[in-house]
$ cat upload-v3.cif   # mmCIF, C-alpha atoms
data_coords
loop_
_atom_site.label_atom_id
_atom_site.label_comp_id
_atom_site.auth_asym_id
_atom_site.auth_seq_id
_atom_site.Cartn_x
_atom_site.Cartn_y
_atom_site.Cartn_z
CA MET A 1 10.14 6.15 -32.91
CA ARG A 2 6.58 7.45 -33.09
CA PHE A 3 5.06 9.20 -30.11
CA ASP A 4 1.44 9.00 -29.03
CA PRO A 5 -0.85 11.86 -30.14
CA GLU A 6 -1.42 14.53 -27.53
CA PRO A 7 -4.46 16.63 -26.65
CA ILE A 8 -4.13 20.30 -27.57
CA SER A 9 -4.86 22.48 -24.53
CA HIS A 10 -4.61 25.95 -26.17
CA GLY A 11 -3.14 27.40 -23.00
CA GLN A 12 -5.81 26.00 -20.67
CA THR A 13 -4.78 25.23 -17.10
CA GLY A 14 -4.21 21.48 -16.84
CA LYS A 15 -5.76 19.18 -14.29
CA THR A 16 -4.12 17.21 -11.49
CA ALA A 17 -4.73 13.51 -10.93
CA VAL A 18 -4.05 10.94 -8.22
CA LEU A 19 -3.48 7.52 -9.78
CA LEU A 20 -3.73 4.57 -7.39
CA ILE A 21 -1.90 1.46 -8.58
CA ASN A 22 -2.55 -2.07 -7.36
CA LEU A 23 -1.07 -5.41 -8.38
CA GLY A 24 -3.84 -6.69 -10.61
CA THR A 25 -6.15 -9.63 -11.12
CA PRO A 26 -7.40 -11.92 -13.89
CA ASP A 27 -10.49 -10.72 -15.76
CA GLU A 28 -12.35 -13.86 -14.76
CA PRO A 29 -11.65 -17.06 -12.78
CA ARG A 30 -11.02 -19.23 -15.83
CA PRO A 31 -7.75 -20.89 -16.92
CA ALA A 32 -7.35 -18.81 -20.09
CA ALA A 33 -7.80 -15.50 -18.26
CA VAL A 34 -5.58 -16.60 -15.38
CA ARG A 35 -2.93 -17.74 -17.85
CA ARG A 36 -2.86 -14.30 -19.53
CA TYR A 37 -2.54 -12.63 -16.16
CA LEU A 38 0.17 -14.94 -14.85
CA ARG A 39 2.15 -14.73 -18.12
CA GLU A 40 2.35 -10.95 -17.77
CA PHE A 41 3.02 -11.11 -14.04
CA LEU A 42 5.67 -13.83 -14.07
CA SER A 43 7.39 -12.39 -17.16
CA ASP A 44 8.26 -9.22 -15.26
CA PRO A 45 12.05 -9.29 -14.66
CA ARG A 46 11.54 -7.50 -11.34
CA VAL A 47 9.27 -10.32 -10.16
CA VAL A 48 11.37 -13.24 -11.40
CA GLU A 49 15.06 -12.38 -11.65
CA ILE A 50 16.03 -15.34 -13.82
CA PRO A 51 17.50 -14.79 -17.31
CA PRO A 52 14.63 -14.95 -19.84
CA LEU A 53 16.38 -17.56 -21.98
CA ILE A 54 16.20 -19.92 -19.01
CA TRP A 55 12.96 -18.77 -17.43
CA GLN A 56 10.61 -18.26 -20.39
CA PRO A 57 10.65 -21.88 -21.72
CA LEU A 58 10.05 -23.15 -18.18
CA LEU A 59 7.29 -20.61 -17.62
CA ARG A 60 5.43 -21.22 -20.88
CA LEU A 61 5.85 -24.99 -21.15
CA VAL A 62 5.57 -26.11 -17.52
CA ILE A 63 4.45 -23.48 -15.02
CA LEU A 64 1.64 -21.72 -16.91
CA PRO A 65 -0.16 -24.89 -18.09
CA LEU A 66 -0.18 -26.30 -14.56
CA ARG A 67 -0.56 -23.20 -12.44
CA SER A 68 -3.24 -21.55 -14.59
CA ARG A 69 -5.70 -24.36 -13.89
CA GLN A 70 -4.81 -24.55 -10.22
CA SER A 71 -5.04 -20.79 -9.72
CA ALA A 72 -8.31 -20.58 -11.64
CA ARG A 73 -9.88 -23.04 -9.20
CA LYS A 74 -8.61 -20.95 -6.29
CA TYR A 75 -9.86 -17.71 -7.80
CA ALA A 76 -13.29 -19.29 -8.28
CA THR A 77 -13.54 -19.86 -4.52
CA ILE A 78 -13.19 -16.15 -3.72
CA TRP A 79 -14.83 -14.56 -6.78
CA SER A 80 -17.84 -12.43 -5.89
CA ARG A 81 -20.88 -11.47 -7.94
CA ASP A 82 -19.19 -8.10 -8.54
CA GLY A 83 -15.94 -9.71 -9.67
CA SER A 84 -12.46 -10.04 -8.22
CA PRO A 85 -12.30 -8.84 -4.58
CA LEU A 86 -9.05 -7.02 -5.30
CA LYS A 87 -10.62 -5.03 -8.12
CA VAL A 88 -13.84 -4.39 -6.21
CA ASN A 89 -11.94 -3.09 -3.18
CA THR A 90 -9.59 -0.98 -5.30
CA GLU A 91 -12.54 0.62 -7.08
CA TYR A 92 -14.17 1.39 -3.73
CA GLN A 93 -10.97 2.94 -2.39
CA THR A 94 -10.67 5.07 -5.53
CA ASN A 95 -14.24 6.35 -5.26
CA ALA A 96 -13.93 6.96 -1.51
CA LEU A 97 -10.64 8.84 -1.87
CA ARG A 98 -12.13 10.97 -4.65
CA ALA A 99 -15.10 11.85 -2.42
CA LEU A 100 -12.83 12.65 0.53
CA LEU A 101 -10.53 14.92 -1.46
CA HIS A 102 -13.43 16.71 -3.13
CA ALA A 103 -15.08 17.22 0.28
CA ASN A 104 -11.86 18.93 1.36
CA ASP A 105 -11.89 21.28 -1.67
CA TYR A 106 -9.33 19.38 -3.75
CA ASP A 107 -10.01 19.79 -7.46
CA VAL A 108 -8.32 16.58 -8.59
CA VAL A 109 -9.08 13.56 -10.72
CA VAL A 110 -8.76 10.24 -8.86
CA ASP A 111 -8.39 7.02 -10.82
CA TYR A 112 -6.74 3.61 -10.51
CA ALA A 113 -4.77 1.17 -12.63
CA MET A 114 -3.43 -2.36 -12.28
CA ARG A 115 0.20 -3.23 -12.85
CA TYR A 116 -0.89 -6.51 -14.48
CA GLY A 117 -4.25 -6.99 -16.14
CA ASN A 118 -6.97 -4.38 -16.53
CA PRO A 119 -7.31 -1.46 -16.41
CA SER A 120 -3.66 -1.18 -17.39
CA ILE A 121 -1.29 1.62 -16.49
CA PRO A 122 -0.80 2.72 -20.14
CA GLU A 123 -4.56 2.79 -20.68
CA ARG A 124 -5.29 4.93 -17.62
CA ILE A 125 -2.43 7.39 -18.13
CA ARG A 126 -3.44 7.96 -21.74
CA ALA A 127 -7.05 8.47 -20.62
CA LEU A 128 -5.89 11.00 -18.03
CA ARG A 129 -3.90 12.87 -20.67
CA GLN A 130 -6.91 12.96 -22.99
CA ASN A 131 -8.88 14.40 -20.05
CA GLY A 132 -6.45 17.31 -19.79
CA VAL A 133 -4.39 16.03 -16.86
CA GLU A 134 -0.93 17.62 -16.72
CA ARG A 135 0.12 16.54 -13.22
CA ILE A 136 -0.07 12.97 -11.91
CA LEU A 137 0.61 11.72 -8.39
CA VAL A 138 1.35 7.99 -8.63
CA LEU A 139 0.30 6.32 -5.37
CA PRO A 140 0.97 2.56 -5.32
CA LEU A 141 -1.22 0.66 -2.87
CA TYR A 142 1.87 -1.03 -1.41
CA PRO A 143 2.74 0.43 2.02
CA GLN A 144 6.14 -1.30 2.07
CA TYR A 145 8.54 -0.62 -0.80
CA SER A 146 9.77 -3.57 -2.81
CA SER A 147 11.47 -3.82 -6.16
CA SER A 148 8.91 -6.43 -7.21
CA THR A 149 5.89 -4.23 -6.40
CA THR A 150 6.50 -0.49 -6.07
CA ALA A 151 9.46 -0.30 -8.43
CA THR A 152 7.84 -2.27 -11.21
CA ALA A 153 4.73 -0.07 -10.97
CA THR A 154 6.78 3.10 -11.39
CA ASP A 155 8.79 1.41 -14.16
CA ALA A 156 5.54 0.89 -16.04
CA VAL A 157 4.54 4.53 -15.51
CA PHE A 158 7.80 5.84 -16.90
CA ARG A 159 7.66 3.49 -19.87
CA VAL A 160 4.37 5.15 -20.78
CA LEU A 161 5.98 8.58 -20.38
CA GLY A 162 8.64 7.48 -22.84
CA ARG A 163 5.92 7.24 -25.48
CA LEU A 164 4.48 10.70 -24.81
CA ARG A 165 5.48 13.78 -26.76
CA ASN A 166 4.14 16.13 -24.08
CA GLN A 167 4.90 14.48 -20.76
CA PRO A 168 2.93 15.39 -17.64
CA ASP A 169 4.54 16.41 -14.38
CA VAL A 170 4.79 13.22 -12.29
CA ARG A 171 5.40 12.51 -8.63
CA THR A 172 5.63 9.06 -7.10
CA VAL A 173 4.98 7.85 -3.55
CA ARG A 174 7.74 5.44 -2.59
CA ASP A 175 6.30 3.97 0.63
CA TYR A 176 4.33 4.78 3.77
CA HIS A 177 5.11 1.75 5.91
CA ASP A 178 5.37 3.80 9.11
CA HIS A 179 2.99 6.66 8.32
CA PRO A 180 1.05 7.39 11.55
CA ALA A 181 -2.33 7.42 9.77
CA TYR A 182 -1.59 4.04 8.13
CA ILE A 183 -0.57 2.48 11.45
CA GLU A 184 -3.68 3.94 13.08
CA ALA A 185 -5.85 2.47 10.34
CA LEU A 186 -4.27 -0.95 10.96
CA ARG A 187 -4.84 -0.61 14.70
CA GLN A 188 -8.48 0.31 14.23
CA GLN A 189 -9.01 -2.61 11.85
CA VAL A 190 -7.66 -5.12 14.37
CA GLU A 191 -9.36 -3.54 17.38
CA GLY A 192 -12.64 -3.29 15.48
CA TYR A 193 -12.52 -7.00 14.70
CA TRP A 194 -11.80 -7.81 18.33
CA GLN A 195 -14.70 -5.67 19.50
CA GLN A 196 -17.01 -7.84 17.41
CA HIS A 197 -15.41 -11.25 17.89
CA GLY A 198 -13.61 -10.98 21.22
CA ARG A 199 -9.98 -10.22 21.98
CA PRO A 200 -7.54 -13.14 22.15
CA ASP A 201 -6.48 -14.19 25.64
CA PHE A 202 -2.78 -13.58 25.21
CA SER A 203 -2.07 -14.65 28.81
CA ALA A 204 -3.45 -18.08 27.88
CA GLY A 205 -1.06 -18.41 24.94
CA GLU A 206 -3.32 -17.15 22.17
CA ARG A 207 -1.49 -15.28 19.43
CA LEU A 208 -1.75 -12.67 16.68
CA LEU A 209 0.16 -13.33 13.43
CA LEU A 210 1.03 -10.48 11.08
CA SER A 211 1.53 -12.14 7.70
CA PHE A 212 3.24 -10.19 4.90
CA HIS A 213 3.75 -11.25 1.32
CA GLY A 214 7.08 -12.99 0.94
CA VAL A 215 9.95 -12.30 -1.46
CA PRO A 216 13.16 -14.26 -2.12
CA ARG A 217 15.74 -13.91 0.65
CA ARG A 218 18.40 -12.84 -1.85
CA THR A 219 16.54 -9.55 -2.46
CA LEU A 220 17.27 -8.60 1.15
CA ASP A 221 20.93 -9.44 0.68
CA LEU A 222 20.98 -7.30 -2.48
CA GLY A 223 19.64 -4.24 -0.67
CA ASP A 224 15.86 -4.32 -1.06
CA PRO A 225 14.36 -2.55 2.01
CA TYR A 226 11.12 -4.56 1.98
CA HIS A 227 12.00 -6.87 4.87
CA ASP A 228 13.08 -4.03 7.14
CA GLN A 229 9.97 -2.01 6.35
CA CYS A 230 7.74 -4.99 7.14
CA VAL A 231 9.52 -5.35 10.49
CA LYS A 232 8.98 -1.65 11.23
CA THR A 233 5.29 -1.85 10.35
CA ALA A 234 4.84 -4.94 12.52
CA ARG A 235 6.60 -3.37 15.49
CA ALA A 236 4.63 -0.13 15.18
CA LEU A 237 1.32 -1.99 14.97
CA ALA A 238 2.22 -4.29 17.88
CA ALA A 239 3.12 -1.27 20.00
CA ALA A 240 -0.16 0.44 19.05
CA LEU A 241 -2.02 -2.72 20.16
CA GLY A 242 0.01 -3.01 23.37
CA LEU A 243 1.62 -6.30 22.32
CA ASP A 244 5.18 -7.60 22.21
CA GLU A 245 7.07 -9.89 19.83
CA THR A 246 5.89 -12.98 21.71
CA THR A 247 2.18 -12.27 21.52
CA CYS A 248 2.37 -10.66 18.05
CA ARG A 249 4.52 -12.55 15.55
CA LEU A 250 5.72 -11.55 12.08
CA THR A 251 5.62 -14.11 9.26
CA PHE A 252 5.85 -14.19 5.44
CA GLN A 253 3.55 -16.02 3.04
CA SER A 254 3.19 -16.93 -0.67
CA ARG A 255 6.51 -18.69 -1.13
CA PHE A 256 7.08 -19.93 -4.69
CA GLY A 257 9.81 -22.29 -5.87
CA LYS A 258 12.59 -24.00 -3.96
CA ALA A 259 14.79 -20.99 -3.18
CA GLU A 260 14.88 -19.57 0.35
CA TRP A 261 12.41 -16.74 0.92
CA LEU A 262 12.01 -14.34 3.82
CA GLN A 263 11.37 -16.23 7.05
CA PRO A 264 9.61 -17.28 9.19
CA TYR A 265 7.06 -18.74 6.78
CA THR A 266 3.37 -18.32 7.62
CA ALA A 267 2.05 -21.83 6.89
CA PRO A 268 4.69 -23.74 8.93
CA THR A 269 4.22 -21.25 11.78
CA LEU A 270 0.47 -21.94 11.82
CA GLU A 271 1.14 -25.68 11.89
CA GLU A 272 3.66 -25.20 14.71
CA LEU A 273 1.15 -23.22 16.76
CA GLY A 274 -1.52 -25.85 16.14
CA ARG A 275 0.75 -28.69 17.24
CA GLY A 276 1.85 -26.68 20.25
CA GLY A 277 -1.68 -26.40 21.56
CA THR A 278 -2.17 -22.69 20.93
CA PRO A 279 -5.93 -22.38 21.54
CA ARG A 280 -6.55 -19.42 19.23
CA VAL A 281 -4.68 -17.72 16.40
CA ASP A 282 -5.71 -14.46 14.73
CA VAL A 283 -4.08 -13.64 11.39
CA PHE A 284 -3.90 -10.15 9.88
CA CYS A 285 -2.12 -9.09 6.67
CA PRO A 286 -0.98 -5.45 7.08
CA GLY A 287 0.89 -5.28 3.77
CA PHE A 288 -2.23 -6.03 1.72
CA THR A 289 -4.48 -2.98 1.52
CA SER A 290 -7.20 -5.04 -0.21
CA ASP A 291 -8.30 -8.60 0.35
CA CYS A 292 -7.32 -10.82 -2.56
CA LEU A 293 -6.37 -14.39 -3.43
CA GLU A 294 -3.39 -14.31 -1.06
CA THR A 295 -5.53 -13.33 1.94
CA LEU A 296 -8.94 -14.86 1.25
CA GLU A 297 -7.77 -18.21 -0.12
CA GLU A 298 -4.18 -18.69 1.01
CA ILE A 299 -4.70 -17.42 4.57
CA ASN A 300 -8.41 -17.78 5.35
CA MET A 301 -8.75 -21.17 3.67
CA GLU A 302 -5.37 -22.92 3.36
CA GLY A 303 -3.90 -21.31 6.47
CA ARG A 304 -7.00 -22.07 8.49
CA GLN A 305 -6.89 -25.71 7.42
CA ALA A 306 -3.17 -26.01 8.21
CA TYR A 307 -3.68 -24.66 11.74
CA LEU A 308 -6.82 -26.68 12.55
CA SER A 309 -5.43 -29.91 11.06
CA ALA A 310 -2.36 -29.56 13.28
CA GLY A 311 -4.53 -29.42 16.39
CA GLY A 312 -5.45 -25.75 16.69
CA LYS A 313 -8.86 -24.85 18.08
CA ALA A 314 -9.94 -21.39 16.91
CA PHE A 315 -8.72 -19.58 13.78
CA HIS A 316 -9.65 -15.93 13.17
CA PHE A 317 -8.94 -14.14 9.91
CA ILE A 318 -8.99 -10.35 10.26
CA PRO A 319 -9.99 -8.71 6.95
CA CYS A 320 -7.62 -6.28 5.26
CA LEU A 321 -8.16 -2.51 5.31
CA ASN A 322 -10.35 -2.59 2.20
CA GLY A 323 -12.80 0.32 2.50
CA ALA A 324 -12.31 1.14 6.18
CA SER A 325 -12.86 4.84 6.85
CA ALA A 326 -9.57 5.15 8.76
CA TRP A 327 -7.73 3.74 5.75
CA ILE A 328 -9.41 6.16 3.34
CA THR A 329 -8.46 8.97 5.72
CA ALA A 330 -4.86 7.72 5.69
CA LEU A 331 -4.85 7.61 1.89
CA GLY A 332 -6.13 11.18 1.90
CA GLU A 333 -3.35 12.33 4.23
CA ILE A 334 -0.69 10.59 2.16
CA ALA A 335 -2.04 12.05 -1.08
CA ALA A 336 -2.40 15.56 0.38
CA ARG A 337 1.18 15.52 1.61
CA HIS A 338 2.54 14.67 -1.84
CA LEU A 339 0.23 17.08 -3.66
CA GLN A 340 1.66 20.08 -1.82
CA GLY A 341 2.82 22.86 -4.14
CA TRP A 342 0.55 21.89 -7.01
CA PRO A 343 -2.57 23.97 -7.84
CA VAL A 344 -5.04 21.40 -6.52
CA LEU A 345 -7.57 23.43 -4.51
CA THR A 346 -10.92 24.65 -5.79
CA PRO A 347 -11.35 28.47 -5.90
CA GLU A 348 -13.29 28.25 -2.64
CA GLY A 349 -10.65 26.06 -1.05
CA ALA A 350 -7.84 28.33 -2.27
CA ALA A 351 -9.63 31.39 -0.84
CA GLN A 352 -10.06 29.65 2.52
CA ALA A 353 -6.44 28.52 2.51
CA SER A 354 -5.30 32.06 1.68
CA ALA A 355 -7.44 33.53 4.46
CA ALA A 356 -6.15 30.94 6.90
CA ALA A 357 -2.55 31.70 5.86
CA VAL A 358 -3.12 35.44 6.39
CA ALA A 359 -4.69 34.81 9.79
CA SER A 360 -1.83 32.51 10.74
CA THR A 361 0.73 35.12 9.64
CA ARG A 362 -1.02 37.78 11.70
CA GLN A 363 -1.08 35.49 14.74
CA ARG A 364 2.66 34.84 14.37
CA GLN A 365 3.33 38.56 14.01
CA VAL A 366 1.28 39.40 17.10
CA ALA A 367 3.01 36.62 19.03
CA ALA A 368 6.43 37.83 17.87
CA VAL A 369 5.69 41.43 18.95
CA ALA A 370 4.37 40.22 22.31
CA ALA A 371 7.46 38.09 22.83
CA PHE A 372 9.69 41.04 21.87
CA ASP A 373 7.89 43.36 24.32
CA GLU A 374 8.06 40.73 27.04
CA ALA A 375 11.80 40.26 26.49
CA ASN A 376 12.38 44.06 26.58
CA ALA A 377 10.34 44.37 29.77
CA ALA A 378 12.31 41.55 31.38
CA ALA A 379 15.61 43.12 30.34
CA ALA A 380 14.56 46.52 31.72
CA ALA A 381 13.49 44.94 34.99
CA SER A 382 16.82 43.13 35.23
CA VAL A 383 18.75 46.38 34.67
CA ALA A 384 16.65 48.20 37.26
CA SER A 385 17.16 45.41 39.76
CA ALA A 386 20.92 45.45 39.25
CA ALA A 387 21.10 49.22 39.57
CA SER A 388 19.28 49.15 42.90
CA ALA A 389 21.37 46.36 44.44
CA PRO A 390 23.61 47.35 47.40
CA GLY A 391 27.21 48.16 46.47
CA GLN A 392 26.40 48.92 42.85
CA PRO A 393 27.11 52.35 41.38
CA GLY A 394 24.06 54.54 41.79
CA ALA A 395 22.58 52.35 44.51
CA SER A 396 21.28 54.18 47.59
CA THR A 397 23.03 53.66 50.98
#
$ encode --input "upload-v3.cif" --output "C-alpha cells"
Amino acid sequence: MRFDPEPISHGQTGKTAVLLINLGTPDEPRPAAVRRYLREFLSDPRVVEIPPLIWQPLLRLVILPLRSRQSARKYATIWSRDGSPLKVNTEYQTNALRALLHANDYDVVVDYAMRYGNPSIPERIRALRQNGVERILVLPLYPQYSSSTTATATDAVFRVLGRLRNQPDVRTVRDYHDHPAYIEALRQQVEGYWQQHGRPDFSAGERLLLSFHGVPRRTLDLGDPYHDQCVKTARALAAALGLDETTCRLTFQSRFGKAEWLQPYTAPTLEELGRGGTPRVDVFCPGFTSDCLETLEEINMEGRQAYLSAGGKAFHFIPCLNGASAWITALGEIAARHLQGWPVLTPEGAAQASAAAVASTRQRQVAAVAAFDEANAAAAASVASAASAPGQPGAST
C-alpha cells in the first residue's frame, strides 16, 4: 500500500483547521451531473443498507436513469445564478465562521467539504495538510446524529487518514441537537420570520410544522439516535417559542421506497391539515442548516401544493438558518468548545487569555481568603457567645 506524500514541516508549529462538512450537491442541474452525484450518494452502504449484489443492478439500471432526469428538473427550479443553494449557503457559513473566529483571536483555518460531490473530503483534507495543518476539527453541519449523515462523513474522513503517512490530530463533533445556541438560533429564525410576515393565530387552529429529513424506521429499531434527537430538538424549540405539541407538530419528509420510514410523514400531514380546514400552516426545517432541494423544492413547492390542493388557505415556508448571525454565533460556540486545549489563539489572544486567567485566579484567591476570614470570625463569635451564656463555665452570674 502506498501512502500519500506529506509536506515536510522541519519542526515548524502546525496549524489548526475547522472543517465543516455538508451533504453535497450536483455540480450543475443536468441529468449527467445529477446521475454522478446520486450514484455516489446512493452507493453509500450507510445510506442504503441493502447488499450491493442486490442493490447495485437496481440502482444503475432502473433508479439512476429515471431519477437523474427527474431530480435534474427539480434542481433546475431552485438553482441560482451563483449555483446550488446548498453550496452557496455552506460557503457563506464557512466564510462567516472564519471571520467570527478570527475576530475572537483564533488563529485557525476554516474550510468546508461535501460528503458527496465537490469539493470532496479527500481533496480538502489533502489541501489542509499541504497548507501545514496538523490539527483538524471535523464539524458536520448535521445537528442531529444519524448513521446515514454524521457517521458516513466521519467514515470518509478516516478513510483519508488511512492513506496518510503523517496523520493529523483529529477531533469530530458528533451532534449538537440540543445545544442552547443552536436552539436559540432556531428560535430567532422563526420569530424573525413572524415579525415580518405575522405570527400564526394558534387559537384559531393555525399550526407550525417542524419537518425533519426522514430515515427508514428500522434504523430506530437498530439503535440509531436520530429520531430521539429530532424529538428533543423539536420539543426544545417549541418550548422556546411558547408552543405545545398540538400547535407545533413534528413530521418527517423525503421518504424513498416502499419501506416504512419515521412517522408522521410531512406530505400526508399537510394534506390532512388542508382537508381539515386549517387556515394557515407554517413549515420550518430545523435539521437542515442550509436550504437545499429538500426544503426549497420538496417543502416550499411540493408541500405547498399538497396543502393548498387539499383545501388549505395560507402556506408559509420559513427559510433555514443559512447565514443567520445567530447561527454563525452558534457555530462559533460549538467550534470553540471542541477546540479547547489546542494552540488556537493568536499571540495577542493568548496574552489576553493568560492575563484574564491570572486575574481570575487572583479573584478566586481573594474570595477564598475573605471566605476563610469570615468563617473564622463567625466561629470566634460563636465561641464568645457560648462562653457568655448563663450556666456555662466562665459565664458571669
$ residues_around --input "upload-v3.cif" --residues "Val173 of chain A" --least-positions-apart "4" --cutoff "9 Å" --atoms "all atoms listed in the file" --output "NGL selection string"
:A and (137-140 or 150 or 334-335 or 338)
$ residues_around --input "upload-v3.cif" --residues "segment 300-314 of chain A" --least-positions-apart "6" --cutoff "7 Å" --atoms "only C-alpha atoms" --output "number ranges by chain"
A: 267, 270-271, 274-275, 277-281
$ write_last_selection --input "upload-v3.cif" --atoms "C-alpha atoms" --output "short mmCIF file (atom, residue, chain, number, x, y, z; two decimals), in the coordinates of the input"
data_model
loop_
_atom_site.label_atom_id
_atom_site.label_comp_id
_atom_site.auth_asym_id
_atom_site.auth_seq_id
_atom_site.Cartn_x
_atom_site.Cartn_y
_atom_site.Cartn_z
CA ALA A 267 2.05 -21.83 6.89
CA LEU A 270 0.47 -21.94 11.82
CA GLU A 271 1.14 -25.68 11.89
CA GLY A 274 -1.52 -25.85 16.14
CA ARG A 275 0.75 -28.69 17.24
CA GLY A 277 -1.68 -26.40 21.56
CA THR A 278 -2.17 -22.69 20.93
CA PRO A 279 -5.93 -22.38 21.54
CA ARG A 280 -6.55 -19.42 19.23
CA VAL A 281 -4.68 -17.72 16.40
#
$ residues_around --input "upload-v3.cif" --residues "His213 of chain A" --least-positions-apart "6" --cutoff "8 Å" --atoms "all atoms listed in the file" --output "PDB file with C-alpha atoms, in the frame of the given file"
ATOM      1  CA  PHE A 252       5.850 -14.190   5.440  1.00  0.00           C
ATOM      2  CA  GLN A 253       3.550 -16.020   3.040  1.00  0.00           C
ATOM      3  CA  SER A 254       3.190 -16.930  -0.670  1.00  0.00           C
ATOM      4  CA  GLY A 287       0.890  -5.280   3.770  1.00  0.00           C
ATOM      5  CA  PHE A 288      -2.230  -6.030   1.720  1.00  0.00           C
TER       6      PHE A 288
END
$ residues_around --input "upload-v3.cif" --residues "Arg163 of chain A" --least-positions-apart "2" --cutoff "10 Å" --atoms "only C-alpha atoms" --output "PDB file with C-alpha atoms, keeping the file's coordinate frame"
ATOM      1  CA  MET A   1      10.140   6.150 -32.910  1.00  0.00           C
ATOM      2  CA  ARG A   2       6.580   7.450 -33.090  1.00  0.00           C
ATOM      3  CA  PHE A   3       5.060   9.200 -30.110  1.00  0.00           C
ATOM      4  CA  ASP A   4       1.440   9.000 -29.030  1.00  0.00           C
ATOM      5  CA  PRO A   5      -0.850  11.860 -30.140  1.00  0.00           C
ATOM      6  CA  PRO A 122      -0.800   2.720 -20.140  1.00  0.00           C
ATOM      7  CA  PHE A 158       7.800   5.840 -16.900  1.00  0.00           C
ATOM      8  CA  ARG A 159       7.660   3.490 -19.870  1.00  0.00           C
ATOM      9  CA  VAL A 160       4.370   5.150 -20.780  1.00  0.00           C
ATOM     10  CA  LEU A 161       5.980   8.580 -20.380  1.00  0.00           C
ATOM     11  CA  ARG A 165       5.480  13.780 -26.760  1.00  0.00           C
ATOM     12  CA  ASN A 166       4.140  16.130 -24.080  1.00  0.00           C
ATOM     13  CA  GLN A 167       4.900  14.480 -20.760  1.00  0.00           C
TER      14      GLN A 167
END
$ atom_distance --input "upload-v3.cif" --atom1 "atom CA of Phe212 of chain A" --atom2 "atom CA of Leu331 of chain A"
19.8 Å
$ closest_residue --input "upload-v3.cif" --among "A:Pro85, A:Gly332, A:Pro200, A:Pro319" --to "Leu97 of chain A" --atoms "all atoms listed in the file"
A:Gly332
$ atom_distance --input "upload-v3.cif" --atom1 "atom CA of Tyr92 of chain A" --atom2 "atom CA of Ser80 of chain A"
14.5 Å
$ resolve_selection --input "upload-v3.cif" --expression "the PyMOL selection byres ((chain A and resi 53-63) around 12)" --output "JSON, numbers by chain"
{"A": [35, 36, 38, 39, 40, 41, 42, 43, 44, 45, 47, 48, 49, 50, 51, 52, 64, 65, 66, 67, 68, 69, 70, 71, 256, 257]}
$ write_last_selection --input "upload-v3.cif" --atoms "C-alpha atoms" --output "compact mmCIF listing (two decimals), in the frame of the given file"
# COMPACT_ATOMS: atom_id res chain seq x y z
CA ARG A 35 -2.93 -17.74 -17.85
CA ARG A 36 -2.86 -14.30 -19.53
CA LEU A 38 0.17 -14.94 -14.85
CA ARG A 39 2.15 -14.73 -18.12
CA GLU A 40 2.35 -10.95 -17.77
CA PHE A 41 3.02 -11.11 -14.04
CA LEU A 42 5.67 -13.83 -14.07
CA SER A 43 7.39 -12.39 -17.16
CA ASP A 44 8.26 -9.22 -15.26
CA PRO A 45 12.05 -9.29 -14.66
CA VAL A 47 9.27 -10.32 -10.16
CA VAL A 48 11.37 -13.24 -11.40
CA GLU A 49 15.06 -12.38 -11.65
CA ILE A 50 16.03 -15.34 -13.82
CA PRO A 51 17.50 -14.79 -17.31
CA PRO A 52 14.63 -14.95 -19.84
CA LEU A 64 1.64 -21.72 -16.91
CA PRO A 65 -0.16 -24.89 -18.09
CA LEU A 66 -0.18 -26.30 -14.56
CA ARG A 67 -0.56 -23.20 -12.44
CA SER A 68 -3.24 -21.55 -14.59
CA ARG A 69 -5.70 -24.36 -13.89
CA GLN A 70 -4.81 -24.55 -10.22
CA SER A 71 -5.04 -20.79 -9.72
CA PHE A 256 7.08 -19.93 -4.69
CA GLY A 257 9.81 -22.29 -5.87
$ residues_around --input "upload-v3.cif" --residues "Val108 of chain A" --least-positions-apart "4" --cutoff "9 Å" --atoms "all atoms listed in the file" --output "list of chain:residue names"
A:Lys15, A:Thr16, A:Ala17, A:Val18, A:Arg98, A:Leu101, A:His102, A:Val344, A:Leu345, A:Thr346
$ atom_distance --input "upload-v3.cif" --atom1 "atom CA of Asp221 of chain A" --atom2 "atom CA of Ala238 of chain A"
25.9 Å
$ resolve_selection --input "upload-v3.cif" --expression "the PyMOL selection byres ((chain A and resi 116) around 8)" --output "ChimeraX atom specification"
/A:23-25,37,40-41,114-115,117-118,120
$ axis_aligned_box --input "upload-v3.cif" --around "segment 287-296 of chain A" --padding-each-side "6 Å" --output "AutoDock Vina command-line options"
--center_x -4.0 --center_y -8.9 --center_z 0.2 --size_x 21.8 --size_y 23.9 --size_z 19.2
$ closest_residue --input "upload-v3.cif" --among "A:Gly223, A:Arg255, A:Asp107, A:Val231" --to "Pro268 of chain A" --atoms "all atoms listed in the file"
A:Arg255
$ residues_near_point --input "upload-v3.cif" --point "(5.4, 6.3, 6.3)" --cutoff "12 Å" --atoms "all atoms listed in the file" --output "ChimeraX atom specification"
/A:142-145,173-184,229-230,232-233,236,330-331,333-335,337
$ closest_residue --input "upload-v3.cif" --among "A:Glu28, A:Ala156, A:Ala324, A:Tyr112" --to "Thr77 of chain A" --atoms "only C-alpha atoms"
A:Glu28
$ resolve_selection --input "upload-v3.cif" --expression "the PyMOL selection byres ((chain A and resi 75) around 9)" --output "list in words"
Pro26, Glu28, Pro29, Arg30, Val34, Gln70, Ser71, Ala72, Arg73, Lys74, Ala76, Thr77, Ile78, Trp79, Ser84, Leu293 and Glu297 of chain A
